[in-house]
$ cat entry_12.pdb   # PDB, C-alpha atoms and all ligand atoms
ATOM      1  CA  MET A   6      93.066 127.117  78.348
ATOM      2  CA  ALA A   7      96.133 125.763  80.171
ATOM      3  CA  ILE A   8      96.710 122.065  79.628
ATOM      4  CA  ARG A   9      96.238 119.775  82.601
ATOM      5  CA  HIS A  10      98.592 116.915  83.421
ATOM      6  CA  PHE A  11      97.933 113.931  85.678
ATOM      7  CA  LEU A  12     101.271 113.229  87.338
ATOM      8  CA  THR A  13      99.861 112.677  90.823
ATOM      9  CA  LEU A  14      96.348 112.591  92.293
ATOM     10  CA  LEU A  15      97.018 116.068  93.682
ATOM     11  CA  ASP A  16      96.863 117.498  90.148
ATOM     12  CA  LEU A  17      93.056 117.261  90.454
ATOM     13  CA  ASN A  18      90.989 118.668  93.287
ATOM     14  CA  SER A  19      88.602 116.543  95.375
ATOM     15  CA  GLN A  20      85.501 117.498  93.406
ATOM     16  CA  GLU A  21      87.180 116.724  90.087
ATOM     17  CA  LEU A  22      88.329 113.332  91.339
ATOM     18  CA  ILE A  23      84.918 112.371  92.713
ATOM     19  CA  SER A  24      83.212 113.426  89.456
ATOM     20  CA  LEU A  25      85.806 111.475  87.493
ATOM     21  CA  ILE A  26      85.247 108.168  89.315
ATOM     22  CA  THR A  27      81.480 108.631  89.118
ATOM     23  CA  ARG A  28      81.834 109.202  85.376
ATOM     24  CA  ALA A  29      84.009 106.057  85.161
ATOM     25  CA  THR A  30      81.113 103.975  86.499
ATOM     26  CA  GLU A  31      78.719 105.682  84.062
ATOM     27  CA  LEU A  32      81.026 104.891  81.131
ATOM     28  CA  LYS A  33      81.306 101.284  82.338
ATOM     29  CA  HIS A  34      77.540 100.811  82.392
ATOM     30  CA  ALA A  35      77.170 102.554  79.033
ATOM     31  CA  HIS A  36      79.744 100.172  77.577
ATOM     32  CA  TRP A  37      77.946  97.174  79.066
ATOM     33  CA  ARG A  38      74.697  98.379  77.466
ATOM     34  CA  GLY A  39      76.529  98.382  74.122
ATOM     35  CA  GLU A  40      76.434 102.149  73.733
ATOM     36  CA  ILE A  41      79.190 103.685  71.654
ATOM     37  CA  HIS A  42      80.761 106.898  72.924
ATOM     38  CA  GLU A  43      83.374 107.999  70.429
ATOM     39  CA  LEU A  44      84.444 110.990  72.494
ATOM     40  CA  LEU A  45      88.029 110.831  71.212
ATOM     41  CA  LYS A  46      87.418 110.011  67.564
ATOM     42  CA  HIS A  47      90.634 110.385  65.543
ATOM     43  CA  ARG A  48      92.610 111.372  68.644
ATOM     44  CA  THR A  49      95.856 109.575  69.508
ATOM     45  CA  LEU A  50      97.484 108.582  72.801
ATOM     46  CA  GLY A  51     101.230 107.896  72.865
ATOM     47  CA  MET A  52     102.267 105.375  75.526
ATOM     48  CA  ILE A  53     105.906 105.279  76.664
ATOM     49  CA  PHE A  54     106.747 102.202  78.706
ATOM     50  CA  ASP A  55     110.198 102.027  80.319
ATOM     51  CA  LYS A  56     108.891  99.200  82.549
ATOM     52  CA  SER A  57     106.707  96.135  81.965
ATOM     53  CA  SER A  58     102.921  96.309  82.144
ATOM     54  CA  THR A  59      99.833  94.221  81.537
ATOM     55  CA  ARG A  60      96.924  96.217  83.012
ATOM     56  CA  THR A  61      98.111  99.734  82.246
ATOM     57  CA  ARG A  62      99.000  99.018  78.648
ATOM     58  CA  VAL A  63      95.879  97.029  77.827
ATOM     59  CA  SER A  64      93.471  99.361  79.629
ATOM     60  CA  PHE A  65      94.807 102.493  77.904
ATOM     61  CA  GLU A  66      94.931 100.819  74.509
ATOM     62  CA  VAL A  67      91.430  99.349  74.779
ATOM     63  CA  GLY A  68      90.116 102.557  76.335
ATOM     64  CA  MET A  69      91.308 104.630  73.390
ATOM     65  CA  ALA A  70      89.798 102.135  70.935
ATOM     66  CA  GLN A  71      86.436 102.254  72.750
ATOM     67  CA  LEU A  72      86.522 106.052  72.650
ATOM     68  CA  GLY A  73      87.072 105.986  68.890
ATOM     69  CA  GLY A  74      90.746 106.940  69.059
ATOM     70  CA  HIS A  75      94.053 105.183  68.753
ATOM     71  CA  ALA A  76      96.947 104.310  71.082
ATOM     72  CA  LEU A  77     100.613 103.912  70.151
ATOM     73  CA  PHE A  78     102.904 101.680  72.207
ATOM     74  CA  LEU A  79     106.398 103.187  72.413
ATOM     75  CA  SER A  80     109.133 101.035  73.901
ATOM     76  CA  PRO A  81     112.629 102.372  74.694
ATOM     77  CA  ARG A  82     113.967  99.357  72.796
ATOM     78  CA  ASP A  83     112.621 100.737  69.526
ATOM     79  CA  THR A  84     112.585 104.516  69.995
ATOM     80  CA  GLN A  85     115.393 107.072  70.117
ATOM     81  CA  LEU A  86     114.475 107.769  73.769
ATOM     82  CA  GLY A  87     116.066 104.415  74.560
ATOM     83  CA  ARG A  88     119.216 105.495  72.702
ATOM     84  CA  GLY A  89     119.598 108.660  74.725
ATOM     85  CA  GLU A  90     117.585 111.298  72.837
ATOM     86  CA  PRO A  91     116.935 113.902  75.544
ATOM     87  CA  ILE A  92     113.584 113.850  77.332
ATOM     88  CA  GLU A  93     112.874 117.485  76.440
ATOM     89  CA  ASP A  94     113.474 116.815  72.717
ATOM     90  CA  SER A  95     111.294 113.693  72.751
ATOM     91  CA  ALA A  96     108.507 115.548  74.592
ATOM     92  CA  ARG A  97     108.551 118.467  72.148
ATOM     93  CA  VAL A  98     108.470 116.173  69.115
ATOM     94  CA  LEU A  99     105.882 113.650  70.319
ATOM     95  CA  SER A 100     103.540 116.312  71.674
ATOM     96  CA  ARG A 101     103.394 117.890  68.222
ATOM     97  CA  MET A 102     102.025 114.623  66.822
ATOM     98  CA  VAL A 103      99.805 112.979  69.446
ATOM     99  CA  ASP A 104      97.006 114.395  71.610
ATOM    100  CA  CYS A 105      98.061 112.945  74.948
ATOM    101  CA  ILE A 106     101.024 110.950  76.294
ATOM    102  CA  MET A 107     101.075 108.306  79.016
ATOM    103  CA  VAL A 108     104.486 107.629  80.546
ATOM    104  CA  ARG A 109     105.576 104.704  82.731
ATOM    105  CA  THR A 110     109.122 105.268  83.899
ATOM    106  CA  PHE A 111     111.552 105.064  86.814
ATOM    107  CA  GLU A 112     112.422 108.468  88.265
ATOM    108  CA  HIS A 113     109.432 110.696  88.909
ATOM    109  CA  ARG A 114     111.442 113.824  88.076
ATOM    110  CA  ASN A 115     111.762 112.548  84.489
ATOM    111  CA  ILE A 116     107.993 112.629  83.956
ATOM    112  CA  VAL A 117     107.870 116.120  85.491
ATOM    113  CA  HIS A 118     110.606 117.217  83.080
ATOM    114  CA  PHE A 119     108.738 115.566  80.186
ATOM    115  CA  SER A 120     105.485 117.345  81.113
ATOM    116  CA  LYS A 121     107.208 120.734  81.247
ATOM    117  CA  ASN A 122     108.247 120.289  77.604
ATOM    118  CA  SER A 123     104.951 118.895  76.356
ATOM    119  CA  GLN A 124     102.195 120.711  74.505
ATOM    120  CA  VAL A 125      99.674 117.986  75.382
ATOM    121  CA  PRO A 126      98.500 116.401  78.676
ATOM    122  CA  ILE A 127     100.861 113.896  80.282
ATOM    123  CA  ILE A 128      99.496 110.972  82.305
ATOM    124  CA  ASN A 129     101.595 109.141  84.880
ATOM    125  CA  GLY A 130     101.240 105.415  84.187
ATOM    126  CA  LEU A 131     103.538 104.699  87.180
ATOM    127  CA  THR A 132     106.830 106.090  88.388
ATOM    128  CA  ASP A 133     109.025 105.061  91.309
ATOM    129  CA  ARG A 134     107.103 107.587  93.448
ATOM    130  CA  PHE A 135     103.455 107.422  92.354
ATOM    131  CA  HIS A 136     100.813 105.341  90.587
ATOM    132  CA  PRO A 137      97.809 107.693  90.413
ATOM    133  CA  CYS A 138      95.866 105.849  87.676
ATOM    134  CA  GLN A 139      95.623 102.820  89.968
ATOM    135  CA  LEU A 140      94.106 104.980  92.680
ATOM    136  CA  LEU A 141      91.352 106.147  90.332
ATOM    137  CA  ALA A 142      90.404 102.505  89.802
ATOM    138  CA  ASP A 143      90.690 101.703  93.525
ATOM    139  CA  MET A 144      88.481 104.647  94.524
ATOM    140  CA  GLN A 145      85.959 103.770  91.807
ATOM    141  CA  THR A 146      85.896 100.168  93.046
ATOM    142  CA  TRP A 147      85.331 101.263  96.638
ATOM    143  CA  GLN A 148      82.532 103.611  95.579
ATOM    144  CA  GLU A 149      80.815 100.870  93.568
ATOM    145  CA  HIS A 150      80.963  98.400  96.461
ATOM    146  CA  ARG A 151      80.545 100.631  99.503
ATOM    147  CA  GLY A 152      79.639 104.220  98.502
ATOM    148  CA  ASP A 153      81.466 107.292  99.798
ATOM    149  CA  ILE A 154      84.933 106.564 101.252
ATOM    150  CA  LYS A 155      84.962 109.814 103.261
ATOM    151  CA  GLY A 156      85.664 109.048 106.921
ATOM    152  CA  ALA A 157      86.551 105.392 106.300
ATOM    153  CA  THR A 158      89.691 103.751 107.726
ATOM    154  CA  VAL A 159      92.116 102.258 105.241
ATOM    155  CA  ALA A 160      95.063 100.054 106.250
ATOM    156  CA  TRP A 161      98.095  99.889 103.980
ATOM    157  CA  ILE A 162     100.240  96.874 104.854
ATOM    158  CA  GLY A 163     103.797  96.518 103.536
ATOM    159  CA  ASP A 164     106.115  98.696 101.510
ATOM    160  CA  GLY A 165     105.944 102.496 101.642
ATOM    161  CA  ASN A 166     106.243 102.500  97.845
ATOM    162  CA  ASN A 167     104.704 104.288  94.846
ATOM    163  CA  MET A 168     101.254 102.804  95.557
ATOM    164  CA  CYS A 169     101.478 103.736  99.236
ATOM    165  CA  ASN A 170     102.450 107.314  98.298
ATOM    166  CA  SER A 171      99.424 107.513  96.017
ATOM    167  CA  TYR A 172      97.193 106.173  98.831
ATOM    168  CA  ILE A 173      98.505 109.034 100.984
ATOM    169  CA  ASN A 174      97.485 111.503  98.256
ATOM    170  CA  ALA A 175      94.105 109.764  98.070
ATOM    171  CA  ALA A 176      93.579 110.054 101.854
ATOM    172  CA  GLN A 177      93.982 113.804 101.443
ATOM    173  CA  ARG A 178      91.744 114.184  98.390
ATOM    174  CA  PHE A 179      89.015 111.657  99.327
ATOM    175  CA  ASP A 180      89.153 112.447 103.060
ATOM    176  CA  PHE A 181      89.769 109.058 104.684
ATOM    177  CA  GLN A 182      92.111 107.930 107.453
ATOM    178  CA  LEU A 183      95.111 105.899 106.324
ATOM    179  CA  ARG A 184      97.165 103.670 108.615
ATOM    180  CA  VAL A 185     100.435 102.528 107.072
ATOM    181  CA  ALA A 186     102.127  99.491 108.656
ATOM    182  CA  CYS A 187     105.652  99.014 107.338
ATOM    183  CA  PRO A 188     109.020  97.786 108.603
ATOM    184  CA  GLU A 189     111.631 100.301 109.705
ATOM    185  CA  GLY A 190     113.466 101.751 106.721
ATOM    186  CA  PHE A 191     110.564 101.159 104.305
ATOM    187  CA  GLU A 192     108.354 104.106 105.235
ATOM    188  CA  PRO A 193     106.693 106.292 102.603
ATOM    189  CA  GLU A 194     108.544 109.508 101.772
ATOM    190  CA  HIS A 195     108.457 112.055 104.563
ATOM    191  CA  ASP A 196     107.462 115.055 102.419
ATOM    192  CA  ILE A 197     104.506 113.140 100.964
ATOM    193  CA  VAL A 198     103.317 112.097 104.433
ATOM    194  CA  GLN A 199     103.756 115.601 105.814
ATOM    195  CA  VAL A 200     101.313 117.159 103.341
ATOM    196  CA  ALA A 201      98.609 114.717 104.511
ATOM    197  CA  ALA A 202      99.755 114.490 108.147
ATOM    198  CA  GLN A 203      96.207 114.881 109.553
ATOM    199  CA  ARG A 204      95.031 111.782 107.717
ATOM    200  CA  VAL A 205      98.044 109.439 107.849
ATOM    201  CA  GLN A 206      99.553 107.402 110.667
ATOM    202  CA  ILE A 207     102.725 105.341 110.249
ATOM    203  CA  MET A 208     103.090 102.286 112.480
ATOM    204  CA  ARG A 209     104.993  99.007 112.667
ATOM    205  CA  ASP A 210     102.345  96.485 113.698
ATOM    206  CA  PRO A 211     100.064  95.253 110.882
ATOM    207  CA  MET A 212      97.526  93.954 113.445
ATOM    208  CA  GLU A 213      97.211  97.435 114.921
ATOM    209  CA  ALA A 214      96.862  98.981 111.463
ATOM    210  CA  VAL A 215      94.032  96.698 110.339
ATOM    211  CA  HIS A 216      92.075  96.872 113.620
ATOM    212  CA  ASN A 217      88.520  97.912 112.624
ATOM    213  CA  ALA A 218      89.713  98.977 109.158
ATOM    214  CA  ASP A 219      87.202  99.193 106.303
ATOM    215  CA  LEU A 220      89.695  98.522 103.538
ATOM    216  CA  VAL A 221      92.964  96.561 103.621
ATOM    217  CA  VAL A 222      95.475  97.156 100.813
ATOM    218  CA  THR A 223      98.869  95.791  99.982
ATOM    219  CA  ASP A 224     101.315  95.584  97.070
ATOM    220  CA  VAL A 225     104.450  93.655  96.130
ATOM    221  CA  TRP A 226     107.421  93.843  98.475
ATOM    222  CA  THR A 227     109.869  94.310  95.598
ATOM    223  CA  SER A 228     108.782  96.843  93.012
ATOM    224  CA  MET A 229     110.057  97.035  89.458
ATOM    225  CA  GLY A 230     113.642  98.283  89.515
ATOM    226  CA  GLN A 231     114.345  96.954  93.045
ATOM    227  CA  GLU A 232     115.091  93.371  92.047
ATOM    228  CA  GLU A 233     118.594  93.473  93.540
ATOM    229  CA  GLU A 234     117.108  94.169  96.984
ATOM    230  CA  GLN A 235     114.737  91.197  96.855
ATOM    231  CA  LYS A 236     116.485  89.009  99.438
ATOM    232  CA  ARG A 237     116.707  91.783 102.022
ATOM    233  CA  ARG A 238     113.102  92.754 101.365
ATOM    234  CA  LEU A 239     111.711  89.220 101.713
ATOM    235  CA  LYS A 240     113.252  89.083 105.180
ATOM    236  CA  ALA A 241     112.156  92.550 106.300
ATOM    237  CA  PHE A 242     108.556  92.121 105.105
ATOM    238  CA  ALA A 243     107.968  88.539 106.290
ATOM    239  CA  PRO A 244     105.664  89.622 109.188
ATOM    240  CA  TYR A 245     103.586  91.785 106.822
ATOM    241  CA  GLN A 246     101.769  89.153 104.759
ATOM    242  CA  VAL A 247      98.020  89.845 104.581
ATOM    243  CA  THR A 248      96.545  86.572 105.868
ATOM    244  CA  PRO A 249      93.058  85.552 107.077
ATOM    245  CA  THR A 250      94.308  86.277 110.636
ATOM    246  CA  ILE A 251      95.162  89.854 109.626
ATOM    247  CA  MET A 252      91.835  90.270 107.787
ATOM    248  CA  ALA A 253      89.972  89.010 110.876
ATOM    249  CA  GLN A 254      91.136  92.125 112.774
ATOM    250  CA  ALA A 255      89.466  94.395 110.226
ATOM    251  CA  ASN A 256      85.743  95.164 110.149
ATOM    252  CA  GLN A 257      83.599  92.213 109.116
ATOM    253  CA  ASP A 258      82.626  93.823 105.828
ATOM    254  CA  ALA A 259      86.144  95.115 105.069
ATOM    255  CA  LEU A 260      87.350  94.845 101.485
ATOM    256  CA  PHE A 261      90.776  93.744 100.289
ATOM    257  CA  MET A 262      92.555  95.425  97.348
ATOM    258  CA  HIS A 263      95.855  94.870  95.540
ATOM    259  CA  CYS A 264      96.916  96.658  92.350
ATOM    260  CA  LEU A 265      98.336  93.393  90.929
ATOM    261  CA  PRO A 266     100.427  91.585  89.873
ATOM    262  CA  ALA A 267     100.276  89.713  93.219
ATOM    263  CA  HIS A 268     102.852  87.365  94.695
ATOM    264  CA  ARG A 269     100.810  84.759  96.530
ATOM    265  CA  GLY A 270     102.586  83.589  99.684
ATOM    266  CA  GLU A 271     104.545  86.855  99.953
ATOM    267  CA  GLU A 272     102.555  90.057 100.537
ATOM    268  CA  VAL A 273      99.206  88.223 100.462
ATOM    269  CA  SER A 274      98.055  84.668 101.068
ATOM    270  CA  ASN A 275      96.155  82.867  98.341
ATOM    271  CA  GLU A 276      93.148  82.576 100.684
ATOM    272  CA  VAL A 277      92.822  86.336 101.049
ATOM    273  CA  LEU A 278      93.471  87.129  97.386
ATOM    274  CA  GLU A 279      90.853  84.614  96.262
ATOM    275  CA  GLY A 280      88.586  85.121  99.289
ATOM    276  CA  PRO A 281      85.157  86.781  99.575
ATOM    277  CA  GLN A 282      86.519  90.127 100.763
ATOM    278  CA  SER A 283      88.863  90.499  97.802
ATOM    279  CA  VAL A 284      87.729  92.833  95.014
ATOM    280  CA  VAL A 285      90.996  92.711  93.077
ATOM    281  CA  TRP A 286      89.441  91.578  89.780
ATOM    282  CA  ASP A 287      86.872  94.402  89.788
ATOM    283  CA  GLU A 288      89.701  96.737  90.759
ATOM    284  CA  ALA A 289      91.820  95.623  87.794
ATOM    285  CA  GLY A 290      88.871  95.818  85.398
ATOM    286  CA  ASN A 291      88.081  99.334  86.546
ATOM    287  CA  ARG A 292      91.446 100.538  85.260
ATOM    288  CA  LEU A 293      89.795 100.600  81.830
ATOM    289  CA  HIS A 294      86.793 102.681  82.854
ATOM    290  CA  ALA A 295      88.628 105.033  85.216
ATOM    291  CA  GLN A 296      91.198 105.860  82.544
ATOM    292  CA  LYS A 297      88.513 106.419  79.905
ATOM    293  CA  ALA A 298      87.028 108.993  82.279
ATOM    294  CA  LEU A 299      90.498 110.476  82.809
ATOM    295  CA  LEU A 300      91.125 110.746  79.049
ATOM    296  CA  GLU A 301      87.763 112.427  78.609
ATOM    297  CA  PHE A 302      88.547 114.834  81.471
ATOM    298  CA  LEU A 303      91.937 115.795  80.022
ATOM    299  CA  LEU A 304      91.025 115.896  76.327
ATOM    300  CA  CYS A 305      87.382 116.912  75.891
TER     301      CYS A 305
HETATM  302  N1  LIG B 401      98.573  97.501  88.455
HETATM  303  C1  LIG B 401      99.297  97.761  87.340
HETATM  304  O1  LIG B 401      99.662  98.899  87.049
HETATM  305  O2  LIG B 401      99.554  96.669  86.580
HETATM  306  P1  LIG B 401     100.531  96.600  85.327
HETATM  307  O3  LIG B 401     101.950  96.703  85.846
HETATM  308  O4  LIG B 401     100.252  95.249  84.738
HETATM  309  O5  LIG B 401     100.227  97.718  84.384
HETATM  310  N1  LIG B 402     104.778  98.847  93.306
HETATM  311  C1  LIG B 402     104.700  98.098  92.076
HETATM  312  C2  LIG B 402     103.407  98.362  91.388
HETATM  313  C3  LIG B 402     103.206  97.580  90.107
HETATM  314  C4  LIG B 402     101.914  97.903  89.415
HETATM  315  C5  LIG B 402     105.882  98.443  91.180
HETATM  316  O1  LIG B 402     106.224  99.621  91.082
HETATM  317  O2  LIG B 402     106.471  97.526  90.589
END

$ encode --input "entry_12.pdb" --output "structure tokens" --more "lines below"
Ligand code: CP
Ligand code: NVA
Amino acid sequence: MAIRHFLTLLDLNSQELISLITRATELKHAHWRGEIHELLKHRTLGMIFDKSSTRTRVSFEVGMAQLGGHALFLSPRDTQLGRGEPIEDSARVLSRMVDCIMVRTFEHRNIVHFSKNSQVPIINGLTDRFHPCQLLADMQTWQEHRGDIKGATVAWIGDGNNMCNSYINAAQRFDFQLRVACPEGFEPEHDIVQVAAQRVQIMRDPMEAVHNADLVVTDVWTSMGQEEEQKRRLKAFAPYQVTPTIMAQANQDALFMHCLPAHRGEEVSNEVLEGPQSVVWDEAGNRLHAQKALLEFLLC
């Protein structure tokens, strides 16, 4: 059977994604009941991190432990990848030793190149273009709080970044309407929008985007690797902070999500992040369960 990779949400079809997030909730409840499901006993996940991480690293490492397997943290500081060993050589070597590889890196084309040289499934743990694992957790969190997201209206406020691109993929696969409010010059990539054109609208005004929305989502204004642009970004994004005034435009029972880490006082006010509509802690916790379901899907 051909190996499956998870480089973007579009690598799975809608039915597979819905089953996966439903399974994530099942695995969560099983874990809470103290049941042991060693579905990946003696299997190993390699984790390559070219960028920092708290949630992604811990959730994959704990997830593998709970499934009876093992995870290896591979930093460019200590591996030959960091000293210039070619991606294709590293992929061919590592995939002969481990059962699955998670990669967090900068350029998306590097993970594509890695996957083409791998004998085992590759999982995107974030690139400059996409963050699909986060979307599994976000969709699971929505389903647990509100049920089916089909037909709902989601407002993305802020940068047209990797998370926004993955929300566009999600709009297509989970069949919801996505309104993206971003400043000029910070739109999501045109080719990604085009594929989901029926479900995505790009606008400037955050108030218009959140009007009657069911879910409001944002992310940092300066992503990892963009630190030099911070000053320019702070200025451009100033009108895009998610505040109680913005949330008041959304539906009364609207939820607020953020992949974290959050910068209080920049993309979101403390009141919203800590407020009753925020589900960010459930969302972060679900990274563990969603990725366990993903590992099971790819490896069992
Ligand atoms: N949301 C997320 O991916 O967090 P980390 O950068 O901490 O992994
Ligand atoms: N857009 C952010 C997400 C961090 C989880 C970044 O790429 O830094």

$ resolve_selection --input "entry_12.pdb" --expression "the PyMOL selection byres (((chain A and resi 22) around 12) and not hetatm)" --output "PyMOL selection string"
chain A and resi 11+13-21+23-29+137-138+140-142+144-145+174-175+177-180+295-296+298-299+302

$ residues_near_point --input "entry_12.pdb" --point "(95.4, 94.2, 116.5)" --cutoff "10 Å" --atoms "all atoms listed in the file" --output "PyMOL selection string"
chain A and resi 210-217+250-251+253-255

$ atom_distance --input "entry_12.pdb" --atom1 "atom CA of A:Gly165" --atom2 "atom CA of A:Glu234"
14.7 Å

$ residues_around --input "entry_12.pdb" --residues "A:Arg82" --least-positions-apart "6" --cutoff "10 Å" --atoms "all atoms listed in the file" --output "list in words"
Phe54, Asp55 and Arg88 of chain A

$ closest_residue --input "entry_12.pdb" --among "A:Thr110, A:Gln199, A:Gln206, A:Gln139" --to "A:Arg60" --atoms "all atoms listed in the file"
A:Gln139

$ axis_aligned_box --input "entry_12.pdb" --around "stretch 108-111 of chain A" --padding-each-side "5 Å" --output "JSON"
{"center_x": 108.0, "center_y": 106.2, "center_z": 83.7, "size_x": 17.1, "size_y": 12.9, "size_z": 16.3}

$ build_atoms --input "entry_12.pdb" --residues "stretch 231-246 of chain A" --atoms "N, CA, C and O atoms" --output "PDB file, keeping the file's coordinate frame"
ATOM      1  N   GLN A 231     113.720  97.229  91.739  1.00  0.00           N
ATOM      2  CA  GLN A 231     114.345  96.954  93.045  1.00  0.00           C
ATOM      3  C   GLN A 231     114.785  95.503  93.164  1.00  0.00           C
ATOM      4  O   GLN A 231     115.041  95.006  94.269  1.00  0.00           O
ATOM      5  N   GLU A 232     114.852  94.811  92.033  1.00  0.00           N
ATOM      6  CA  GLU A 232     115.091  93.371  92.047  1.00  0.00           C
ATOM      7  C   GLU A 232     116.331  92.965  92.847  1.00  0.00           C
ATOM      8  O   GLU A 232     116.340  91.925  93.506  1.00  0.00           O
ATOM      9  N   GLU A 233     117.347  93.825  92.824  1.00  0.00           N
ATOM     10  CA  GLU A 233     118.594  93.473  93.540  1.00  0.00           C
ATOM     11  C   GLU A 233     118.410  93.445  95.059  1.00  0.00           C
ATOM     12  O   GLU A 233     119.196  92.844  95.773  1.00  0.00           O
ATOM     13  N   GLU A 234     117.347  94.110  95.531  1.00  0.00           N
ATOM     14  CA  GLU A 234     117.108  94.169  96.984  1.00  0.00           C
ATOM     15  C   GLU A 234     116.189  93.051  97.455  1.00  0.00           C
ATOM     16  O   GLU A 234     115.788  93.013  98.616  1.00  0.00           O
ATOM     17  N   GLN A 235     115.808  92.157  96.554  1.00  0.00           N
ATOM     18  CA  GLN A 235     114.737  91.197  96.855  1.00  0.00           C
ATOM     19  C   GLN A 235     114.966  90.386  98.133  1.00  0.00           C
ATOM     20  O   GLN A 235     114.068  90.234  98.954  1.00  0.00           O
ATOM     21  N   LYS A 236     116.196  89.881  98.296  1.00  0.00           N
ATOM     22  CA  LYS A 236     116.485  89.009  99.438  1.00  0.00           C
ATOM     23  C   LYS A 236     116.268  89.759 100.761  1.00  0.00           C
ATOM     24  O   LYS A 236     115.586  89.264 101.657  1.00  0.00           O
ATOM     25  N   ARG A 237     116.817  90.950 100.817  1.00  0.00           N
ATOM     26  CA  ARG A 237     116.707  91.783 102.022  1.00  0.00           C
ATOM     27  C   ARG A 237     115.234  92.119 102.294  1.00  0.00           C
ATOM     28  O   ARG A 237     114.753  92.118 103.420  1.00  0.00           O
ATOM     29  N   ARG A 238     114.504  92.373 101.232  1.00  0.00           N
ATOM     30  CA  ARG A 238     113.102  92.754 101.365  1.00  0.00           C
ATOM     31  C   ARG A 238     112.244  91.583 101.849  1.00  0.00           C
ATOM     32  O   ARG A 238     111.377  91.756 102.709  1.00  0.00           O
ATOM     33  N   LEU A 239     112.488  90.397 101.289  1.00  0.00           N
ATOM     34  CA  LEU A 239     111.711  89.220 101.713  1.00  0.00           C
ATOM     35  C   LEU A 239     111.824  89.026 103.220  1.00  0.00           C
ATOM     36  O   LEU A 239     110.838  88.713 103.895  1.00  0.00           O
ATOM     37  N   LYS A 240     113.006  89.260 103.751  1.00  0.00           N
ATOM     38  CA  LYS A 240     113.252  89.083 105.180  1.00  0.00           C
ATOM     39  C   LYS A 240     112.536  90.180 105.986  1.00  0.00           C
ATOM     40  O   LYS A 240     111.809  89.896 106.937  1.00  0.00           O
ATOM     41  N   ALA A 241     112.723  91.420 105.549  1.00  0.00           N
ATOM     42  CA  ALA A 241     112.156  92.550 106.300  1.00  0.00           C
ATOM     43  C   ALA A 241     110.627  92.518 106.327  1.00  0.00           C
ATOM     44  O   ALA A 241     109.994  92.891 107.316  1.00  0.00           O
ATOM     45  N   PHE A 242     110.024  92.052 105.226  1.00  0.00           N
ATOM     46  CA  PHE A 242     108.556  92.121 105.105  1.00  0.00           C
ATOM     47  C   PHE A 242     107.834  90.849 105.562  1.00  0.00           C
ATOM     48  O   PHE A 242     106.601  90.821 105.559  1.00  0.00           O
ATOM     49  N   ALA A 243     108.605  89.825 105.941  1.00  0.00           N
ATOM     50  CA  ALA A 243     107.968  88.539 106.290  1.00  0.00           C
ATOM     51  C   ALA A 243     106.769  88.686 107.249  1.00  0.00           C
ATOM     52  O   ALA A 243     105.745  88.031 107.042  1.00  0.00           O
ATOM     53  N   PRO A 244     106.834  89.531 108.278  1.00  0.00           N
ATOM     54  CA  PRO A 244     105.664  89.622 109.188  1.00  0.00           C
ATOM     55  C   PRO A 244     104.494  90.436 108.609  1.00  0.00           C
ATOM     56  O   PRO A 244     103.502  90.663 109.299  1.00  0.00           O
ATOM     57  N   TYR A 245     104.597  90.875 107.377  1.00  0.00           N
ATOM     58  CA  TYR A 245     103.586  91.785 106.822  1.00  0.00           C
ATOM     59  C   TYR A 245     102.676  91.137 105.782  1.00  0.00           C
ATOM     60  O   TYR A 245     101.977  91.823 105.056  1.00  0.00           O
ATOM     61  N   GLN A 246     102.669  89.810 105.721  1.00  0.00           N
ATOM     62  CA  GLN A 246     101.769  89.153 104.759  1.00  0.00           C
ATOM     63  C   GLN A 246     100.310  89.348 105.200  1.00  0.00           C
ATOM     64  O   GLN A 246      99.980  89.176 106.376  1.00  0.00           O
TER      65      GLN A 246
END
